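K.L.:
One file is attached below, structure_30.cif, containing mmCIF, C-alpha atoms; chains and numbers go by the auth columns.
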```
data_structure
loop_
_atom_site.group_PDB
_atom_site.id
_atom_site.type_symbol
_atom_site.label_atom_id
_atom_site.label_comp_id
_atom_site.label_asym_id
_atom_site.label_seq_id
_atom_site.Cartn_x
_atom_site.Cartn_y
_atom_site.Cartn_z
_atom_site.B_iso_or_equiv
_atom_site.auth_seq_id
_atom_site.auth_asym_id
ATOM 1 C CA MET A 1 8.705 60.119 -23.475 0.00 1 A
ATOM 2 C CA PRO A 2 8.139 59.113 -19.835 0.00 2 A
ATOM 3 C CA PRO A 3 10.824 59.882 -17.321 0.00 3 A
ATOM 4 C CA ILE A 4 13.352 57.088 -16.738 0.00 4 A
ATOM 5 C CA ARG A 5 12.332 56.752 -13.121 0.00 5 A
ATOM 6 C CA ASP A 6 8.742 55.789 -14.151 0.00 6 A
ATOM 7 C CA VAL A 7 10.032 53.206 -16.629 0.00 7 A
ATOM 8 C CA VAL A 8 12.278 51.651 -13.940 0.00 8 A
ATOM 9 C CA LYS A 9 9.422 51.682 -11.423 0.00 9 A
ATOM 10 C CA ASP A 10 7.040 49.980 -13.900 0.00 10 A
ATOM 11 C CA HIS A 11 9.715 47.412 -14.722 0.00 11 A
ATOM 12 C CA GLN A 12 10.296 46.661 -11.022 0.00 12 A
ATOM 13 C CA ILE A 13 6.564 46.120 -10.497 0.00 13 A
ATOM 14 C CA SER A 14 6.398 43.684 -13.404 0.00 14 A
ATOM 15 C CA LEU A 15 9.494 41.863 -12.105 0.00 15 A
ATOM 16 C CA ALA A 16 7.932 41.603 -8.654 0.00 16 A
ATOM 17 C CA ALA A 17 4.747 40.196 -10.194 0.00 17 A
ATOM 18 C CA ASP A 18 6.817 37.740 -12.251 0.00 18 A
ATOM 19 C CA THR A 19 8.725 36.697 -9.121 0.00 19 A
ATOM 20 C CA ARG A 20 5.487 36.135 -7.196 0.00 20 A
ATOM 21 C CA ALA A 21 4.037 34.142 -10.068 0.00 21 A
ATOM 22 C CA ARG A 22 7.231 32.098 -10.390 0.00 22 A
ATOM 23 C CA THR A 23 7.257 31.455 -6.634 0.00 23 A
ATOM 24 C CA ARG A 24 3.627 30.325 -6.766 0.00 24 A
ATOM 25 C CA ILE A 25 4.355 27.985 -9.671 0.00 25 A
ATOM 26 C CA GLU A 26 7.352 26.552 -7.797 0.00 26 A
ATOM 27 C CA GLU A 27 5.148 25.986 -4.736 0.00 27 A
ATOM 28 C CA LEU A 28 2.563 24.154 -6.851 0.00 28 A
ATOM 29 C CA VAL A 29 5.238 22.026 -8.502 0.00 29 A
ATOM 30 C CA THR A 30 6.731 21.259 -5.082 0.00 30 A
ATOM 31 C CA LEU A 31 3.307 20.280 -3.757 0.00 31 A
ATOM 32 C CA ALA A 32 2.686 18.063 -6.791 0.00 32 A
ATOM 33 C CA VAL A 33 6.055 16.372 -6.306 0.00 33 A
ATOM 34 C CA GLN A 34 5.273 15.845 -2.614 0.00 34 A
ATOM 35 C CA ILE A 35 1.924 14.234 -3.482 0.00 35 A
ATOM 36 C CA VAL A 36 3.589 11.947 -6.029 0.00 36 A
ATOM 37 C CA TRP A 37 6.177 11.002 -3.407 0.00 37 A
ATOM 38 C CA LEU A 38 3.377 10.314 -0.924 0.00 38 A
ATOM 39 C CA PHE A 39 1.628 7.820 -3.179 0.00 39 A
ATOM 40 C CA VAL A 40 4.832 6.238 -4.486 0.00 40 A
ATOM 41 C CA LEU A 41 6.582 5.946 -1.115 0.00 41 A
ATOM 42 C CA ALA A 42 3.504 4.272 0.378 0.00 42 A
ATOM 43 C CA VAL A 43 3.925 1.356 -2.061 0.00 43 A
ATOM 44 C CA PRO A 44 7.146 -0.096 -0.588 0.00 44 A
ATOM 45 C CA ILE A 45 5.864 0.608 2.916 0.00 45 A
ATOM 46 C CA ALA A 46 2.737 -1.422 2.201 0.00 46 A
ATOM 47 C CA CYS A 47 4.774 -4.103 0.471 0.00 47 A
ATOM 48 C CA VAL A 48 7.172 -4.592 3.387 0.00 48 A
ATOM 49 C CA ALA A 49 4.449 -4.460 6.035 0.00 49 A
ATOM 50 C CA TRP A 50 2.214 -6.921 4.157 0.00 50 A
ATOM 51 C CA THR A 51 5.011 -9.331 3.299 0.00 51 A
ATOM 52 C CA ILE A 52 6.274 -9.616 6.862 0.00 52 A
ATOM 53 C CA THR A 53 2.823 -9.876 8.446 0.00 53 A
ATOM 54 C CA HIS A 54 1.088 -12.149 5.895 0.00 54 A
ATOM 55 C CA GLU A 55 3.259 -13.961 3.392 0.00 55 A
ATOM 56 C CA GLU A 56 4.507 -17.529 3.625 0.00 56 A
ATOM 57 C CA VAL A 57 8.189 -16.571 3.493 0.00 57 A
ATOM 58 C CA PHE A 58 7.927 -15.105 7.023 0.00 58 A
ATOM 59 C CA ARG A 59 5.483 -17.695 8.407 0.00 59 A
ATOM 60 C CA GLU A 60 7.823 -19.218 11.029 0.00 60 A
ATOM 61 C CA PRO A 61 8.974 -15.923 12.572 0.00 61 A
ATOM 62 C CA ARG A 62 5.396 -14.649 12.466 0.00 62 A
ATOM 63 C CA GLU A 63 4.087 -17.766 14.242 0.00 63 A
ATOM 64 C CA TYR A 64 6.801 -17.351 16.870 0.00 64 A
ATOM 65 C CA CYS A 65 5.774 -13.724 17.354 0.00 65 A
ATOM 66 C CA GLN A 66 2.104 -14.752 17.574 0.00 66 A
ATOM 67 C CA ARG A 67 2.911 -17.300 20.280 0.00 67 A
ATOM 68 C CA CYS A 68 4.990 -14.762 22.209 0.00 68 A
ATOM 69 C CA SER A 69 2.290 -12.097 21.852 0.00 69 A
ATOM 70 C CA GLN A 70 -0.257 -14.463 23.403 0.00 70 A
ATOM 71 C CA GLU A 71 1.807 -16.392 25.956 0.00 71 A
ATOM 72 C CA SER A 72 4.423 -13.969 27.274 0.00 72 A
ATOM 73 C CA PRO A 73 3.894 -13.041 30.933 0.00 73 A
ATOM 74 C CA SER A 74 5.081 -9.471 30.369 0.00 74 A
ATOM 75 C CA LEU A 75 2.677 -6.951 28.839 0.00 75 A
ATOM 76 C CA LEU A 76 5.571 -5.131 27.184 0.00 76 A
ATOM 77 C CA LYS A 77 6.792 -8.342 25.497 0.00 77 A
ATOM 78 C CA ARG A 78 3.266 -9.242 24.342 0.00 78 A
ATOM 79 C CA LYS A 79 2.820 -5.813 22.743 0.00 79 A
ATOM 80 C CA PHE A 80 6.299 -5.877 21.189 0.00 80 A
ATOM 81 C CA PHE A 81 5.722 -9.248 19.515 0.00 81 A
ATOM 82 C CA TYR A 82 2.198 -8.277 18.459 0.00 82 A
ATOM 83 C CA LEU A 83 3.696 -5.518 16.291 0.00 83 A
ATOM 84 C CA PHE A 84 5.077 -8.160 13.916 0.00 84 A
ATOM 85 C CA THR A 85 1.695 -9.815 13.409 0.00 85 A
ATOM 86 C CA CYS A 86 -0.459 -6.759 12.676 0.00 86 A
ATOM 87 C CA GLU A 87 0.064 -5.036 9.323 0.00 87 A
ATOM 88 C CA TYR A 88 -1.393 -1.756 10.583 0.00 88 A
ATOM 89 C CA CYS A 89 0.890 -1.644 13.631 0.00 89 A
ATOM 90 C CA PHE A 90 3.941 -2.785 11.721 0.00 90 A
ATOM 91 C CA SER A 91 3.354 -0.216 8.966 0.00 91 A
ATOM 92 C CA HIS A 92 4.104 2.552 11.488 0.00 92 A
ATOM 93 C CA TYR A 93 7.595 1.186 12.060 0.00 93 A
ATOM 94 C CA VAL A 94 8.200 0.591 8.372 0.00 94 A
ATOM 95 C CA THR A 95 7.062 4.162 7.691 0.00 95 A
ATOM 96 C CA ALA A 96 9.448 5.539 10.312 0.00 96 A
ATOM 97 C CA PHE A 97 12.278 3.588 8.671 0.00 97 A
ATOM 98 C CA PHE A 98 11.432 4.947 5.206 0.00 98 A
ATOM 99 C CA LEU A 99 11.126 8.522 6.525 0.00 99 A
ATOM 100 C CA ILE A 100 14.600 8.253 8.038 0.00 100 A
ATOM 101 C CA LEU A 101 15.896 6.686 4.832 0.00 101 A
ATOM 102 C CA THR A 102 14.395 9.287 2.467 0.00 102 A
ATOM 103 C CA GLY A 103 13.991 12.431 4.576 0.00 103 A
ATOM 104 C CA TYR A 104 10.536 12.929 3.035 0.00 104 A
ATOM 105 C CA LYS A 105 8.451 15.771 4.496 0.00 105 A
ATOM 106 C CA LEU A 106 4.896 16.694 3.585 0.00 106 A
ATOM 107 C CA LEU A 107 3.794 20.336 3.219 0.00 107 A
ATOM 108 C CA LEU A 108 6.094 21.822 5.877 0.00 108 A
ATOM 109 C CA PRO A 109 9.903 21.958 5.867 0.00 109 A
ATOM 110 C CA ASP A 110 10.416 21.232 9.579 0.00 110 A
ATOM 111 C CA TRP A 111 9.531 18.464 12.067 0.00 111 A
ATOM 112 C CA ARG A 112 5.830 19.050 11.402 0.00 112 A
ATOM 113 C CA GLY A 113 6.438 17.965 7.803 0.00 113 A
ATOM 114 C CA TYR A 114 7.813 14.669 9.094 0.00 114 A
ATOM 115 C CA LEU A 115 4.794 14.234 11.352 0.00 115 A
ATOM 116 C CA LEU A 116 2.318 14.928 8.542 0.00 116 A
ATOM 117 C CA ALA A 117 4.257 12.636 6.213 0.00 117 A
ATOM 118 C CA PHE A 118 4.325 9.889 8.833 0.00 118 A
ATOM 119 C CA PHE A 119 0.558 9.719 9.318 0.00 119 A
ATOM 120 C CA ALA A 120 -0.260 10.307 5.651 0.00 120 A
ATOM 121 C CA LEU A 121 2.100 7.523 4.558 0.00 121 A
ATOM 122 C CA VAL A 122 0.682 5.093 7.127 0.00 122 A
ATOM 123 C CA TRP A 123 -2.842 5.869 5.955 0.00 123 A
ATOM 124 C CA ILE A 124 -2.071 5.529 2.234 0.00 124 A
ATOM 125 C CA ALA A 125 -0.041 2.345 2.794 0.00 125 A
ATOM 126 C CA ASN A 126 -2.924 0.820 4.739 0.00 126 A
ATOM 127 C CA GLN A 127 -5.331 1.742 1.948 0.00 127 A
ATOM 128 C CA TYR A 128 -3.046 -0.082 -0.481 0.00 128 A
ATOM 129 C CA MET A 129 -2.969 -3.129 1.814 0.00 129 A
ATOM 130 C CA THR A 130 -6.763 -3.100 2.096 0.00 130 A
ATOM 131 C CA ILE A 131 -7.112 -3.007 -1.680 0.00 131 A
ATOM 132 C CA PHE A 132 -4.595 -5.834 -2.002 0.00 132 A
ATOM 133 C CA ALA A 133 -6.402 -7.928 0.628 0.00 133 A
ATOM 134 C CA ASN A 134 -9.727 -7.445 -1.162 0.00 134 A
ATOM 135 C CA ILE A 135 -8.176 -8.448 -4.481 0.00 135 A
ATOM 136 C CA ARG A 136 -6.716 -11.575 -2.870 0.00 136 A
ATOM 137 C CA VAL A 137 -10.093 -12.504 -1.417 0.00 137 A
ATOM 138 C CA ASP A 138 -11.730 -12.027 -4.808 0.00 138 A
ATOM 139 C CA LEU A 139 -9.063 -14.201 -6.432 0.00 139 A
ATOM 140 C CA LYS A 140 -9.531 -16.932 -3.816 0.00 140 A
ATOM 141 C CA VAL A 141 -13.290 -16.878 -4.376 0.00 141 A
ATOM 142 C CA GLU A 142 -12.786 -17.163 -8.143 0.00 142 A
ATOM 143 C CA ARG A 143 -10.337 -20.055 -7.697 0.00 143 A
ATOM 144 C CA PHE A 144 -12.767 -21.799 -5.363 0.00 144 A
ATOM 145 C CA LYS A 145 -15.598 -21.379 -7.873 0.00 145 A
ATOM 146 C CA ALA A 146 -13.377 -22.676 -10.691 0.00 146 A
ATOM 147 C CA LYS A 147 -12.409 -25.764 -8.653 0.00 147 A
ATOM 148 C CA LYS A 148 -16.042 -26.388 -7.829 0.00 148 A
ATOM 149 C CA VAL A 149 -16.988 -26.215 -11.520 0.00 149 A
ATOM 150 C CA GLU A 150 -14.070 -28.519 -12.401 0.00 150 A
ATOM 151 C CA LYS A 151 -15.235 -31.093 -9.846 0.00 151 A
ATOM 152 C CA GLU A 152 -18.780 -30.905 -11.162 0.00 152 A
ATOM 153 C CA VAL A 153 -17.534 -31.413 -14.736 0.00 153 A
ATOM 154 C CA GLU A 154 -15.380 -34.371 -13.667 0.00 154 A
ATOM 155 C CA GLN A 155 -18.331 -35.900 -11.813 0.00 155 A
ATOM 156 C CA LYS A 156 -20.572 -35.568 -14.884 0.00 156 A
ATOM 157 C CA GLU A 157 -17.838 -37.059 -17.083 0.00 157 A
ATOM 158 C CA ARG A 158 -17.570 -40.071 -14.738 0.00 158 A
ATOM 159 C CA GLU A 159 -21.326 -40.473 -14.795 0.00 159 A
ATOM 160 C CA LEU A 160 -21.295 -40.376 -18.598 0.00 160 A
ATOM 161 C CA GLU A 161 -18.472 -42.949 -18.748 0.00 161 A
ATOM 162 C CA GLN A 162 -20.433 -45.258 -16.477 0.00 162 A
ATOM 163 C CA THR A 163 -23.590 -44.990 -18.576 0.00 163 A
ATOM 164 C CA GLN A 164 -21.892 -45.236 -21.990 0.00 164 A
ATOM 165 C CA PRO A 165 -20.676 -48.830 -21.710 0.00 165 A
ATOM 166 C CA VAL A 166 -24.250 -49.895 -20.945 0.00 166 A
ATOM 167 C CA MET A 167 -25.472 -48.236 -24.147 0.00 167 A
ATOM 168 C CA ASN A 168 -22.691 -49.632 -26.306 0.00 168 A
ATOM 169 C CA ARG A 169 -23.208 -53.283 -25.303 0.00 169 A
ATOM 170 C CA PRO A 170 -24.533 -55.520 -28.055 0.00 170 A
ATOM 171 C CA ALA A 171 -27.993 -56.876 -27.566 0.00 171 A
ATOM 172 C CA ALA A 172 -28.112 -60.543 -26.517 0.00 172 A
#
```
Would you mind writing the file's structure down as structure tokens?
P.N.:
Amino acid sequence: MPPIRDVVKDHQISLAADTRARTRIEELVTLAVQIVWLFVLAVPIACVAWTITHEEVFREPREYCQRCSQESPSLLKRKFFYLFTCEYCFSHYVTAFFLILTGYKLLLPDWRGYLLAFFALVWIANQYMTIFANIRVDLKVERFKAKKVEKEVEQKERELEQTQPVMNRPAA
């Protein structure tokens, strides 16, 4: 039988290996959770930035901001009001708000984690907005094509209606 000290030493080594493996697994899980947060948190950021800078519900304030960004004599005022008309610019401020709200950090537990999260969230949110803009363009093109086909069908139907009465007249 091996001496007790060797058994304890072997057991401590296996515990240390288990602890390292557990720590590594926890790090991977934490990284996976951070990545999920990155892609999920970018959705409301993109939504808010897009809605304020593009949608009809904010048209009047946006038009006011556009006028001020073009006509204001002060450079500082022009740049301030421009922020509300550009989805990319505005997404930085929305991201800062959501970082303060959630305390989300990416990869590092200190201020550098906030900085990495800030730029990663802005980038992902802008990718989402680009995808959304492309989908909207595609939908508009499809609607335009459908309207064009509808008009062509209506025109042909009118032409047929105009020629049918001539064919249905009794011979004199």
K.L.:
Each side padded by 5 Å, which centre and which edge lengths in Å (one decimal) define the axis-aligned box around the listed atoms of stretch 108-125 of chain A? Give them as JSON.
P.N.:
```
{"center_x": 3.8, "center_y": 12.2, "center_z": 7.2, "size_x": 23.3, "size_y": 29.6, "size_z": 19.8}
```
K.L.:
Specify as a ChimeraX atom specification each residue included when the PyMOL selection byres ((chain A and resi 31-47) around 10) is applied to this file.
P.N.:
/A:25-30,48-52,87-88,90-99,102,104-107,117-118,120-130,132
K.L.:
On this structure, the PyMOL selection byres ((chain A and resi 59-64) around 12) would catch which residues? List them as a list in words, sorted by chain and number.
P.N.:
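For this structure, the PyMOL selection byres ((chain A and resi 59-64) around 12) resolves to Trp50, Thr51, Ile52, Thr53, His54, Glu55, Glu56, Val57, Phe58, Cys65, Gln66, Arg67, Cys68, Ser69, Gln70, Glu71, Ser72, Arg78, Phe81, Tyr82, Leu83, Phe84, Thr85, Cys86, Glu87 and Phe90 of chain A.
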K.L.:
Would you mind reading off the distance between atom CA of A:Thr23 and atom CA of A:Pro109, one decimal, in Å?
P.N.:
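Calculated distance between atom CA of A:Thr23 and atom CA of A:Pro109 is 15.9 Å.
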K.L.:
Could you please determine the separation between atom CA of A:Leu101 and atom CA of A:Lys79 in Å, to one decimal place?
P.N.:
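Atom CA of A:Lys79 lies at a distance of 25.5 Å from atom CA of A:Leu101.
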K.L.:
Report the distance between atom CA of A:Glu161 and atom CA of A:Lys147 in Å, rounded to one decimal place.
P.N.:
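One can read the atom CA of A:Glu161 to atom CA of A:Lys147 distance as 20.8 Å.
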